[in-house]
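Input: a single structure, listed below in structure tokens.
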Amino acid sequence: MNVAVTQPLVFHRPGDGELAQRLRAAVQGDVRFDRASRGRYSTDASIYQVEPIGVLIPKGHDDVRAAFDICRELGVPILPRGGGSSQCGQSVGAALVIDHSKYLNGVVAFDADARTVTVEPGLVLDALNAWLRPHGLWFPVDVSTSAQATLGGMAGNNSCGSRSIAYGNMVHNVVAAEALFADGSEGWLGPEGAMQHAPVRMRELVAGLRAIGEREHDEIARRVPKVMRRVGGYNLDVFHPQSERPYTPDGSVNYAHLLVGSEGTLAWTRTLTLKLAPLPKHRTLGVVSFPTLYRAMELTRHIVELGPSAVELVDRTMIDLARSNPTFRPVIEAALVGDPDAILLVEFSGDAAAPLITKLDELATLMGDLGLPGQTVRMTDALAQKALWEVRKAGLNIMMSMKGDGKPVSFIEDCAVPLEHLADYVDQLTQVFAKHGTRGTWYAHASVGTLHVRPILDMRRDGAAQMRAIAEEASAMVREYKGAYSGEHGDGLVRTEWVAWQFGPRLTRAFEAVKQLFDPDGLMNPGKIVRGTKMDDARLFRYAPGYQPLRLDTALDWSAWNVQVDPVAGTLTAPGSGGDPAQGFAKAVDMCNNNGHCRKFDAGTMCPSYRVTRDEEHVTRGRANTLRLAVSGQLGPDFASAAVREALALCVSCKGCRRDCPTGVDMAKMKIEFAWHWQKKHGLPLADRIVAHLPRWAPWAARVPWIANLRDTLPGAARLSERIAGLSAQRRLPRWRSDTFLASAAARAACDASPEVVLLVDTFSNYHEPENAHAALRVLTAAGYRVAVARASRTDEAPARPLCCGRTYLASGLVDEARREARRMVEALAPQVAAGATVVGLEPSCLLSLRDEFLVLGLGESAARLSAHALMIEEFLAREHAKGSLRLPLQALPQRKALVHGHCHQKAFDVLNPVVSLLRLIPQLQVDVIESSCCGMAGSFGYQAAHYDVSMRMAELSLLPAVRNADTDVLIVADGTSCRHQISDGTGAQREAVHAIRVLAGALA
Ligand SMILES: Cc1cc2nc3c(=O)[nH]c(=O)nc-3n(C[C@H](O)[C@H](O)[C@H](O)COP(=O)(O)OP(=O)(O)OC[C@H]3O[C@@H](n4cnc5c(N)ncnc54)[C@H](O)[C@@H]3O)c2cc1C
Ligand code: SF4
Ligand code: SF4
């Protein structure tokens, strides 16, 4: 194959010192040139890593204009960037990255009658659609990454959604664009007729483009694929439409369409005017189960004739992965008939429900006629449909959660072929994978012939050679079937070399001429679409051959990640055998594939610090990247670096990512690991030591609570504590009590010799809110259980001190102390656990440590046994209720409504539902859940003066407004001690939340 590489990528960084200085003097926005920031912007969702010269986060258009002027003078390339979720490497480069997702994300104009909206480029698709919903409209290019993809990035990539068969790609839905060009000129691009009165620069541009279009008229017809899903090169076919679906209804030219799909190589898009569609009032979903993938692909073209709005494939691997995920299992099971090899999700949408139900019948009949009777599941319920779409959307990410160095690699993932060839294409490519010792998982947009597939390759070893060989064979098939080599994700670094292959030398030269017209100095995102590098240029890989993490002794056990995968069988080697010099920690960090889903703002916890800062540094992805750079020595020889500490500073250890991140990146655990390395090297400040050792000094504080509480009663003491220990003077601290639970007669009496339930009372419930523990004891006793309160074992070196989960130690990185506490707990409870008792707790962050951190502290089998027996108290009671064995006499309360705020760890471990279902047992009580992320308090985080502001902003996102809006007779329920504190503080003590167990105890008949 001939590869047109006419200009190598620029690796030197001209004048970056001067650039940074001049930018700082000229702009209002954030200018970031430090190594870690550049590192965080050196990756997108591709296999590449290219360090930018610097990063500008502009506060307004003037900032961008000033940056363009400076870059032009210094000859510095410019790279516009939104969510950075591209798969081909188009959002990385040796340039000044301009990230407009933080500030330039507004709606500029809206015309409901014309059904258009004008937006800034950093607006995220989901945010736009949430804004449009009340108007009954939406922007229908529904990409899988809708929670993080920006409209600017979507236009840059000519993105396509699952419903493109009904609505087209981005190019079909952009009406106009305002742009800033590298030469400093600005202009509006839109329909040809409207360009006549444009400024001279625009008219010259338009005339030049038209001349190229006319000159290449025949070549466009010869070389541009005639499928709808074609996104490579520049859209020169505006002048001679080739797509199955013309870009404009009448085939007329719209010059904004030249910017669509241009990957930031032509201009910076300042605003976009978009065509909107009415929100379909109704949708139905038919799910067809197929015995083979081939059959599913073979029959797709018949299904398309029924006029669906989407036909999406989910293959066997994806089905199995979804089945193995506790959240997705019930959803996928409900959609299957038997044990299929593949399913197609066939959606119909419209304004009336009845015809859509008829469509489902037609689908079932069609399938029957084609030899698959009874294989169609009809879904008319909107929630059930939404849940299944979530599984499909998460498909790629579930697949990416594969451990080991072999990862599914995106490089032929969006080839598009005409539907009549789909089955053969899939079949042949599957054989190609097998020939090269790998396999791929198939999914996505069957309706338009764009099937996603990523073979599993190990880029650290022979992956590059396999990639090249597979690409050669796949491209030959695409040519044979007259398809498009890129049908969705664009060119970037992985496919620019294929532009010449796809479009031929003449159109390649024409694309260079287009580039010349827009950007004669070649400053805009160089090396993409024209004049690119080779796809397998190892200098650009994130994990190049020879990639090696630092040798690291770890505090936690990461061996579960220290494995390798067999690319064909998908099986993993034994834990600890993966060859990671960082004992598996580096491989755990590598689980982040940069898809950017942690930038979402919808329901779910992840990621509270990003929700308030909108900084790449303070999102899970940014943290994982910082850790990856540090653990591979790219931030210097010292893993315990200040850059990592800063990136982790606002992580509230909510474990939201553990649950919401599609690949299960568990930043809370990684933060513990890092904190251990940090404190070993730098020690711990006094303030952190005081908090960490709280379980040790708590018994003393409880003996003299009036002294311990002086901080909140003595004038000036709070201010002093802020100065000395960094505790925010704006906070009250939890109040010490002398009437601790464990010292109470009730607790002493609860000592059944063979208990069914062991009540584990944490430090906070014992010393600060003993009424919660009393309530728990009352409920358990009322339900008739034999109860024992958990006590430290008599053989312990300090038998009087209560058991502790060690969380405060973990938070400070004092892992050895935490391990000691955990061991004490494991040993003390071992006999009761062995006898079959269930250990129940009240405080989510404490009890759930037994199920999480205890398992990576190297405590062996007994910790695993305890973990298997540890439940939140509501979880235990709800489970008993489900078994029909809960006898709890409950009566109505004076309050008729309860609003529940879930502690982050409850959500992370899926144990909030039991709280709700249990409270719903109380007669006449309506129980609703507040759609909230983290409350912002997060253990000691919110008490620290340095975090007070961020903490309150987190709470104000949704929790505090919901609490304030609730009527005064509504019960506010929160199981987390710090959540309750935050609610009290945030409402000026106007509202006090209670633990669910107290509500239940209050309702005991
Ligand atoms: C798991 C996963 C699933 C995906 N699913 C889909 C899918 O269903 N459909 C699909 O089409 N894509 C998909 N993608 C690819 C990607 O998410 C989309 O292309 C998305 O629209 C990119 O948006 P972004 O904000 O992240 O853009 P970025 O990656 O930040 O930028 C994309 C390109 O646009 C350019 N750009 C950004 N802003 C501007 C601007 N203001 N002016 C000029 N140029 C600009 C950039 O330079 C870059 O070349 C997927 C990616 C992943 C990781
Ligand atoms: S942390 Fe998870 S959600 Fe965020 S980019 Fe990485 S893999 Fe995606
Ligand atoms: S633990 Fe919470 S705050 Fe930290 S990265 Fe994960 S989601 Fe964000």
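Residue names in the structure tokens use chain letters A, B, ... in the order shown, residue numbers from 1 in each chain, and ligand numbers from 1 in the order shown.
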Polymer residues at most 8 Å from Lys407 of chain A, only C-alpha atoms, same-chain spacing of 2 or more positions, as a compact mmCIF listing (two decimals) with N, CA, C and O atoms, in the first residue's frame:
# COMPACT_ATOMS: atom_id res chain seq x y z
N MET A 400 -14.30 -3.14 27.31
CA MET A 400 -13.01 -2.56 27.64
C MET A 400 -12.60 -2.86 29.08
O MET A 400 -11.49 -2.56 29.47
N MET A 402 -11.84 -5.40 30.23
CA MET A 402 -10.96 -6.56 30.20
C MET A 402 -9.61 -6.25 30.88
O MET A 402 -8.99 -5.25 30.58
N LYS A 403 -9.21 -7.12 31.80
CA LYS A 403 -7.93 -6.91 32.49
C LYS A 403 -6.77 -7.43 31.64
O LYS A 403 -6.99 -8.19 30.70
N GLY A 404 -5.56 -7.02 32.00
CA GLY A 404 -4.37 -7.49 31.28
C GLY A 404 -3.94 -6.49 30.22
O GLY A 404 -4.58 -5.46 30.01
N ASP A 405 -2.82 -6.79 29.54
CA ASP A 405 -2.26 -5.84 28.57
C ASP A 405 -2.96 -5.89 27.22
O ASP A 405 -2.91 -4.93 26.46
N VAL A 409 -8.70 -2.89 20.49
CA VAL A 409 -8.12 -1.68 19.89
C VAL A 409 -8.98 -1.17 18.74
O VAL A 409 -9.42 -1.93 17.87
N PRO A 455 -10.52 -5.82 17.57
CA PRO A 455 -9.74 -7.01 17.92
C PRO A 455 -8.88 -6.74 19.16
O PRO A 455 -8.48 -5.59 19.40
N ILE A 456 -8.64 -7.79 19.92
CA ILE A 456 -7.83 -7.63 21.14
C ILE A 456 -6.35 -7.69 20.76
O ILE A 456 -5.89 -8.71 20.23
N LEU A 457 -5.64 -6.62 21.02
CA LEU A 457 -4.22 -6.55 20.67
C LEU A 457 -3.42 -6.06 21.87
O LEU A 457 -3.92 -5.29 22.68
N ASP A 458 -2.20 -6.49 21.92
CA ASP A 458 -1.30 -6.03 22.99
C ASP A 458 -0.28 -5.09 22.36
O ASP A 458 0.70 -5.53 21.76
Close residues, Ala364 of chain A itself excluded, 10 Å, only C-alpha atoms, min 5 positions apart in chain, as an MDAnalysis selection string: chainID A and resid 286:288 358:359 369:370 372:378
Test item: residues lying within 7 Å of ligand 2 with only C-alpha atoms and all ligand atoms, as a VMD selection string: chain A and resid 591 to 598 620 to 621 624 657 661 to 665
N, CA, C and O atoms of the current selection, written as a compact mmCIF listing (two decimals), in the first residue's frame:
# COMPACT_ATOMS: atom_id res chain seq x y z
N MET A 591 -6.68 0.46 33.46
CA MET A 591 -8.06 0.11 33.11
C MET A 591 -8.80 1.31 32.53
O MET A 591 -9.79 1.17 31.82
N CYS A 592 -8.35 2.51 32.86
CA CYS A 592 -9.00 3.70 32.29
C CYS A 592 -8.67 3.77 30.81
O CYS A 592 -7.52 3.85 30.43
N ASN A 593 -9.71 3.75 29.97
CA ASN A 593 -9.46 3.81 28.53
C ASN A 593 -9.74 5.19 27.96
O ASN A 593 -9.88 5.37 26.76
N ASN A 594 -9.91 6.17 28.84
CA ASN A 594 -10.05 7.57 28.42
C ASN A 594 -11.35 7.87 27.69
O ASN A 594 -11.43 8.85 26.97
N ASN A 595 -12.37 7.04 27.86
CA ASN A 595 -13.62 7.33 27.14
C ASN A 595 -14.33 8.57 27.68
O ASN A 595 -15.22 9.10 27.04
N GLY A 596 -13.96 9.00 28.86
CA GLY A 596 -14.47 10.28 29.38
C GLY A 596 -15.85 10.21 29.99
O GLY A 596 -16.46 11.25 30.27
N HIS A 597 -16.35 9.02 30.24
CA HIS A 597 -17.72 8.92 30.79
C HIS A 597 -17.81 9.55 32.18
O HIS A 597 -18.89 9.94 32.61
N CYS A 598 -16.67 9.67 32.86
CA CYS A 598 -16.69 10.29 34.19
C CYS A 598 -16.95 11.79 34.12
O CYS A 598 -17.12 12.44 35.14
N THR A 620 -12.18 11.61 37.23
CA THR A 620 -11.56 10.29 37.37
C THR A 620 -10.53 10.04 36.27
O THR A 620 -9.43 9.55 36.54
N ARG A 621 -10.90 10.39 35.04
CA ARG A 621 -9.97 10.18 33.92
C ARG A 621 -8.66 10.93 34.14
O ARG A 621 -7.57 10.38 33.94
N ALA A 624 -6.70 9.17 36.78
CA ALA A 624 -6.11 7.91 36.32
C ALA A 624 -4.93 8.20 35.40
O ALA A 624 -3.89 7.53 35.47
N CYS A 657 -16.89 6.11 40.96
CA CYS A 657 -16.28 5.53 39.76
C CYS A 657 -16.23 4.01 39.84
O CYS A 657 -16.38 3.33 38.83
N CYS A 661 -18.00 3.97 36.56
CA CYS A 661 -17.02 3.89 35.46
C CYS A 661 -17.20 2.55 34.77
O CYS A 661 -17.19 1.50 35.41
N PRO A 662 -17.39 2.58 33.46
CA PRO A 662 -17.67 1.33 32.74
C PRO A 662 -16.56 0.30 32.88
O PRO A 662 -16.80 -0.89 32.73
N THR A 663 -15.33 0.74 33.12
CA THR A 663 -14.27 -0.26 33.26
C THR A 663 -13.90 -0.47 34.73
O THR A 663 -12.91 -1.13 35.04
N GLY A 664 -14.68 0.12 35.63
CA GLY A 664 -14.51 -0.14 37.05
C GLY A 664 -13.26 0.48 37.67
O GLY A 664 -12.71 -0.06 38.63
N VAL A 665 -12.81 1.61 37.13
CA VAL A 665 -11.66 2.29 37.74
C VAL A 665 -12.05 2.68 39.17
O VAL A 665 -13.06 3.34 39.38
Determine, counting only C-alpha atoms, which protein, DNA and RNA residues have an atom within 7 Å of an atom of Ser447 of chain A; residues of the same chain fewer than 4 positions away are not included. Present the result as a PDB file with all heavy atoms, in the first residue's frame.
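Final output, selection.pdb:
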ATOM      1  N   ILE A 165     -30.081   6.215  10.948  1.00  0.00           N
ATOM      2  CA  ILE A 165     -30.923   5.789   9.814  1.00  0.00           C
ATOM      3  C   ILE A 165     -32.144   6.703   9.699  1.00  0.00           C
ATOM      4  O   ILE A 165     -32.646   6.972   8.604  1.00  0.00           O
ATOM      5  CB  ILE A 165     -31.338   4.305   9.946  1.00  0.00           C
ATOM      6  CG1 ILE A 165     -31.998   3.837   8.658  1.00  0.00           C
ATOM      7  CG2 ILE A 165     -32.240   4.067  11.129  1.00  0.00           C
ATOM      8  CD1 ILE A 165     -32.279   2.353   8.609  1.00  0.00           C
ATOM      9  N   THR A 300     -30.694  -8.290   8.514  1.00  0.00           N
ATOM     10  CA  THR A 300     -30.822  -6.867   8.860  1.00  0.00           C
ATOM     11  C   THR A 300     -31.490  -6.072   7.742  1.00  0.00           C
ATOM     12  O   THR A 300     -32.364  -5.240   7.971  1.00  0.00           O
ATOM     13  CB  THR A 300     -29.433  -6.268   9.174  1.00  0.00           C
ATOM     14  OG1 THR A 300     -28.892  -6.970  10.279  1.00  0.00           O
ATOM     15  CG2 THR A 300     -29.530  -4.802   9.518  1.00  0.00           C
ATOM     16  N   VAL A 304     -34.736  -3.510   8.051  1.00  0.00           N
ATOM     17  CA  VAL A 304     -34.660  -2.078   7.734  1.00  0.00           C
ATOM     18  C   VAL A 304     -35.855  -1.628   6.893  1.00  0.00           C
ATOM     19  O   VAL A 304     -36.319  -0.489   6.992  1.00  0.00           O
ATOM     20  CB  VAL A 304     -33.300  -1.799   7.037  1.00  0.00           C
ATOM     21  CG1 VAL A 304     -33.294  -0.457   6.353  1.00  0.00           C
ATOM     22  CG2 VAL A 304     -32.174  -1.876   8.046  1.00  0.00           C
ATOM     23  N   ALA A 310     -33.918   2.684  14.570  1.00  0.00           N
ATOM     24  CA  ALA A 310     -32.588   2.150  14.889  1.00  0.00           C
ATOM     25  C   ALA A 310     -32.622   0.629  14.800  1.00  0.00           C
ATOM     26  O   ALA A 310     -33.643   0.008  15.119  1.00  0.00           O
ATOM     27  CB  ALA A 310     -32.164   2.554  16.298  1.00  0.00           C
ATOM     28  N   VAL A 311     -31.510   0.060  14.348  1.00  0.00           N
ATOM     29  CA  VAL A 311     -31.311  -1.400  14.446  1.00  0.00           C
ATOM     30  C   VAL A 311     -29.889  -1.594  14.964  1.00  0.00           C
ATOM     31  O   VAL A 311     -28.925  -1.274  14.280  1.00  0.00           O
ATOM     32  CB  VAL A 311     -31.456  -2.105  13.073  1.00  0.00           C
ATOM     33  CG1 VAL A 311     -31.309  -3.622  13.256  1.00  0.00           C
ATOM     34  CG2 VAL A 311     -32.768  -1.776  12.414  1.00  0.00           C
ATOM     35  N   GLU A 312     -29.782  -2.073  16.181  1.00  0.00           N
ATOM     36  CA  GLU A 312     -28.473  -2.153  16.818  1.00  0.00           C
ATOM     37  C   GLU A 312     -28.147  -3.593  17.193  1.00  0.00           C
ATOM     38  O   GLU A 312     -29.011  -4.332  17.683  1.00  0.00           O
ATOM     39  CB  GLU A 312     -28.447  -1.294  18.082  1.00  0.00           C
ATOM     40  CG  GLU A 312     -28.632   0.180  17.803  1.00  0.00           C
ATOM     41  CD  GLU A 312     -27.341   0.853  17.340  1.00  0.00           C
ATOM     42  OE1 GLU A 312     -26.365   0.834  18.099  1.00  0.00           O
ATOM     43  OE2 GLU A 312     -27.346   1.382  16.215  1.00  0.00           O
TER      44      GLU A 312
END
Residue with smallest distance to ligand 3 - pool A:Asp414, A:Glu827, A:Asp666, A:Glu120, counting only C-alpha atoms and all ligand atoms: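 The closest residue to ligand 3 is A:Asp666.
In this comparison, which uses only C-alpha atoms and all ligand atoms, the residue of A:Val973, A:Leu125, A:Val119, A:Met667 approaching ligand 3 most closely is A:Met667.
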Between atom CA of Asp615 of chain A and atom CA of Thr808 of chain A, distance in Å (one decimal):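 For atom CA of Asp615 of chain A relative to atom CA of Thr808 of chain A, the distance reads 27.3 Å.
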Helix (DSSP H, G or I) residues, from DSSP on the backbone, in segment 626-785 of chain A, as number ranges by chain: A: 626-631, 642-649, 656-660, 667-682, 686-692, 694-703, 705-708, 710-713, 717-725, 745-749, 763-767, 770-782
Nearby polymer residues, ligand 3, at most 9 Å, only C-alpha atoms and all ligand atoms, as an NGL selection string: :A and (598 or 605-610 or 618-624 or 648 or 650-661 or 665-671 or 904 or 934)
Same residues, C-alpha atoms, saved as a PDB file, in the first residue's frame:
ATOM      1  CA  CYS A 598     -16.686  10.292  34.192  1.00  0.00           C
ATOM      2  CA  THR A 605     -22.393   9.653  41.712  1.00  0.00           C
ATOM      3  CA  MET A 606     -19.314   9.858  39.465  1.00  0.00           C
ATOM      4  CA  CYS A 607     -17.603  12.295  39.645  1.00  0.00           C
ATOM      5  CA  PRO A 608     -18.553  14.905  42.236  1.00  0.00           C
ATOM      6  CA  SER A 609     -15.332  16.897  42.116  1.00  0.00           C
ATOM      7  CA  TYR A 610     -15.582  17.223  38.336  1.00  0.00           C
ATOM      8  CA  HIS A 618     -10.324  16.718  39.009  1.00  0.00           C
ATOM      9  CA  VAL A 619     -12.138  14.021  37.090  1.00  0.00           C
ATOM     10  CA  THR A 620     -11.560  10.290  37.373  1.00  0.00           C
ATOM     11  CA  ARG A 621      -9.967  10.176  33.924  1.00  0.00           C
ATOM     12  CA  GLY A 622      -7.564  12.997  34.754  1.00  0.00           C
ATOM     13  CA  ARG A 623      -6.625  11.269  37.979  1.00  0.00           C
ATOM     14  CA  ALA A 624      -6.112   7.909  36.316  1.00  0.00           C
ATOM     15  CA  LEU A 648      -6.169  13.447  44.034  1.00  0.00           C
ATOM     16  CA  LEU A 650     -10.426  16.798  45.577  1.00  0.00           C
ATOM     17  CA  CYS A 651     -11.255  13.134  45.128  1.00  0.00           C
ATOM     18  CA  VAL A 652     -13.782  12.545  47.891  1.00  0.00           C
ATOM     19  CA  SER A 653     -13.303   8.754  47.760  1.00  0.00           C
ATOM     20  CA  CYS A 654     -17.002   8.389  47.065  1.00  0.00           C
ATOM     21  CA  LYS A 655     -16.397   5.180  45.055  1.00  0.00           C
ATOM     22  CA  GLY A 656     -18.772   6.559  42.422  1.00  0.00           C
ATOM     23  CA  CYS A 657     -16.278   5.530  39.760  1.00  0.00           C
ATOM     24  CA  ARG A 658     -16.010   2.028  41.184  1.00  0.00           C
ATOM     25  CA  ARG A 659     -19.630   1.609  40.176  1.00  0.00           C
ATOM     26  CA  ASP A 660     -20.288   4.127  37.392  1.00  0.00           C
ATOM     27  CA  CYS A 661     -17.022   3.892  35.463  1.00  0.00           C
ATOM     28  CA  VAL A 665     -11.657   2.293  37.738  1.00  0.00           C
ATOM     29  CA  ASP A 666     -11.621   2.432  41.537  1.00  0.00           C
ATOM     30  CA  MET A 667     -10.036   5.769  42.346  1.00  0.00           C
ATOM     31  CA  ALA A 668     -10.902   5.658  46.043  1.00  0.00           C
ATOM     32  CA  LYS A 669      -8.731   2.571  46.420  1.00  0.00           C
ATOM     33  CA  MET A 670      -5.983   4.083  44.311  1.00  0.00           C
ATOM     34  CA  LYS A 671      -6.044   7.159  46.486  1.00  0.00           C
ATOM     35  CA  CYS A 904     -22.082   7.349  48.030  1.00  0.00           C
ATOM     36  CA  CYS A 934     -21.907  13.076  46.809  1.00  0.00           C
TER      37      CYS A 934
END
Env. residues ligand 1 / 6 Å / only C-alpha atoms and all ligand atoms / as a VMD selection string: chain A and resid 45 79 to 87 90 to 91 121 143 to 145 149 to 150 152 to 154 156 to 157 159 to 161 263 to 264 267 to 270 396 to 397 488 to 489 595
Keeping N, CA and C atoms for every residue in the selection just given, could you write it to a file as a compact mmCIF listing (two decimals), in the first residue's frame?
# COMPACT_ATOMS: atom_id res chain seq x y z
N ALA A 45 -9.47 8.87 23.56
CA ALA A 45 -9.88 7.46 23.70
C ALA A 45 -9.23 6.57 22.63
N LEU A 79 -4.88 23.16 18.69
CA LEU A 79 -5.74 21.98 18.65
C LEU A 79 -7.01 22.23 19.48
N PRO A 80 -8.16 22.43 18.83
CA PRO A 80 -9.40 22.60 19.59
C PRO A 80 -9.80 21.28 20.23
N ARG A 81 -10.36 21.34 21.43
CA ARG A 81 -10.73 20.09 22.09
C ARG A 81 -11.98 20.27 22.93
N GLY A 82 -12.87 19.26 22.86
CA GLY A 82 -14.08 19.24 23.67
C GLY A 82 -13.91 18.21 24.78
N GLY A 83 -14.67 17.11 24.68
CA GLY A 83 -14.60 16.08 25.71
C GLY A 83 -13.38 15.17 25.57
N GLY A 84 -12.70 15.26 24.45
CA GLY A 84 -11.52 14.41 24.24
C GLY A 84 -11.87 12.93 24.22
N SER A 85 -13.03 12.60 23.63
CA SER A 85 -13.45 11.20 23.63
C SER A 85 -13.26 10.54 22.26
N SER A 86 -12.48 11.17 21.41
CA SER A 86 -12.27 10.62 20.07
C SER A 86 -11.47 9.32 20.12
N GLN A 87 -11.75 8.46 19.17
CA GLN A 87 -11.10 7.15 19.18
C GLN A 87 -9.91 7.06 18.23
N GLN A 90 -7.54 12.18 17.03
CA GLN A 90 -7.64 13.53 16.48
C GLN A 90 -7.68 14.61 17.54
N SER A 91 -7.90 14.24 18.80
CA SER A 91 -7.90 15.30 19.81
C SER A 91 -6.61 15.33 20.63
N PRO A 121 -19.32 25.67 21.36
CA PRO A 121 -18.82 24.32 21.02
C PRO A 121 -18.65 23.39 22.21
N VAL A 143 -25.09 10.08 19.87
CA VAL A 143 -23.87 9.27 20.01
C VAL A 143 -23.88 8.53 21.36
N SER A 144 -23.16 7.43 21.40
CA SER A 144 -23.09 6.66 22.66
C SER A 144 -22.47 7.48 23.78
N THR A 145 -21.59 8.40 23.40
CA THR A 145 -20.91 9.21 24.41
C THR A 145 -21.67 10.51 24.70
N ALA A 149 -19.73 13.92 25.13
CA ALA A 149 -19.36 14.49 23.83
C ALA A 149 -19.90 15.91 23.72
N THR A 150 -19.05 16.82 23.26
CA THR A 150 -19.49 18.20 23.08
C THR A 150 -19.97 18.39 21.64
N GLY A 152 -19.15 20.75 19.68
CA GLY A 152 -17.99 21.12 18.87
C GLY A 152 -17.22 19.88 18.42
N GLY A 153 -17.05 18.94 19.34
CA GLY A 153 -16.34 17.70 19.02
C GLY A 153 -17.16 16.84 18.08
N MET A 154 -18.46 16.83 18.29
CA MET A 154 -19.34 16.03 17.42
C MET A 154 -19.29 16.57 15.98
N GLY A 156 -16.76 18.32 14.83
CA GLY A 156 -15.39 18.05 14.39
C GLY A 156 -15.24 16.66 13.81
N ASN A 157 -15.97 15.71 14.39
CA ASN A 157 -15.84 14.31 13.96
C ASN A 157 -16.94 13.87 13.00
N SER A 159 -20.00 13.22 13.86
CA SER A 159 -20.46 12.08 14.65
C SER A 159 -21.80 11.55 14.16
N CYS A 160 -22.06 10.30 14.54
CA CYS A 160 -23.29 9.65 14.11
C CYS A 160 -23.86 8.90 15.32
N GLY A 161 -25.16 8.92 15.45
CA GLY A 161 -25.79 8.24 16.56
C GLY A 161 -26.44 6.93 16.16
N GLU A 263 -12.19 17.79 11.95
CA GLU A 263 -11.32 17.42 13.07
C GLU A 263 -10.43 18.57 13.54
N GLY A 264 -10.97 19.75 13.50
CA GLY A 264 -10.21 20.90 14.00
C GLY A 264 -9.04 21.29 13.13
N ALA A 267 -10.44 25.21 11.10
CA ALA A 267 -10.76 26.43 11.84
C ALA A 267 -11.27 26.04 13.21
N TRP A 268 -11.39 27.01 14.08
CA TRP A 268 -12.01 26.79 15.39
C TRP A 268 -13.47 27.18 15.28
N THR A 269 -14.35 26.24 15.56
CA THR A 269 -15.78 26.53 15.46
C THR A 269 -16.22 27.24 16.71
N ARG A 270 -16.69 28.46 16.50
CA ARG A 270 -17.07 29.30 17.65
C ARG A 270 -18.51 29.04 18.07
N LEU A 396 -19.36 -1.20 24.56
CA LEU A 396 -17.93 -1.11 24.30
C LEU A 396 -17.16 -1.03 25.62
N ASN A 397 -17.73 -0.27 26.54
CA ASN A 397 -17.02 -0.09 27.80
C ASN A 397 -16.98 -1.36 28.62
N GLU A 488 -17.63 6.41 11.05
CA GLU A 488 -18.14 7.07 12.25
C GLU A 488 -17.07 7.85 13.01
N HIS A 489 -15.89 7.31 13.15
CA HIS A 489 -14.95 7.90 14.10
C HIS A 489 -13.92 8.84 13.49
N ASN A 595 -12.37 7.04 27.86
CA ASN A 595 -13.62 7.33 27.14
C ASN A 595 -14.33 8.57 27.68
Computed interatomic separation between atom CA of Val417 of chain A and atom CA of Ala484 of chain A (Å): 6.5 Å
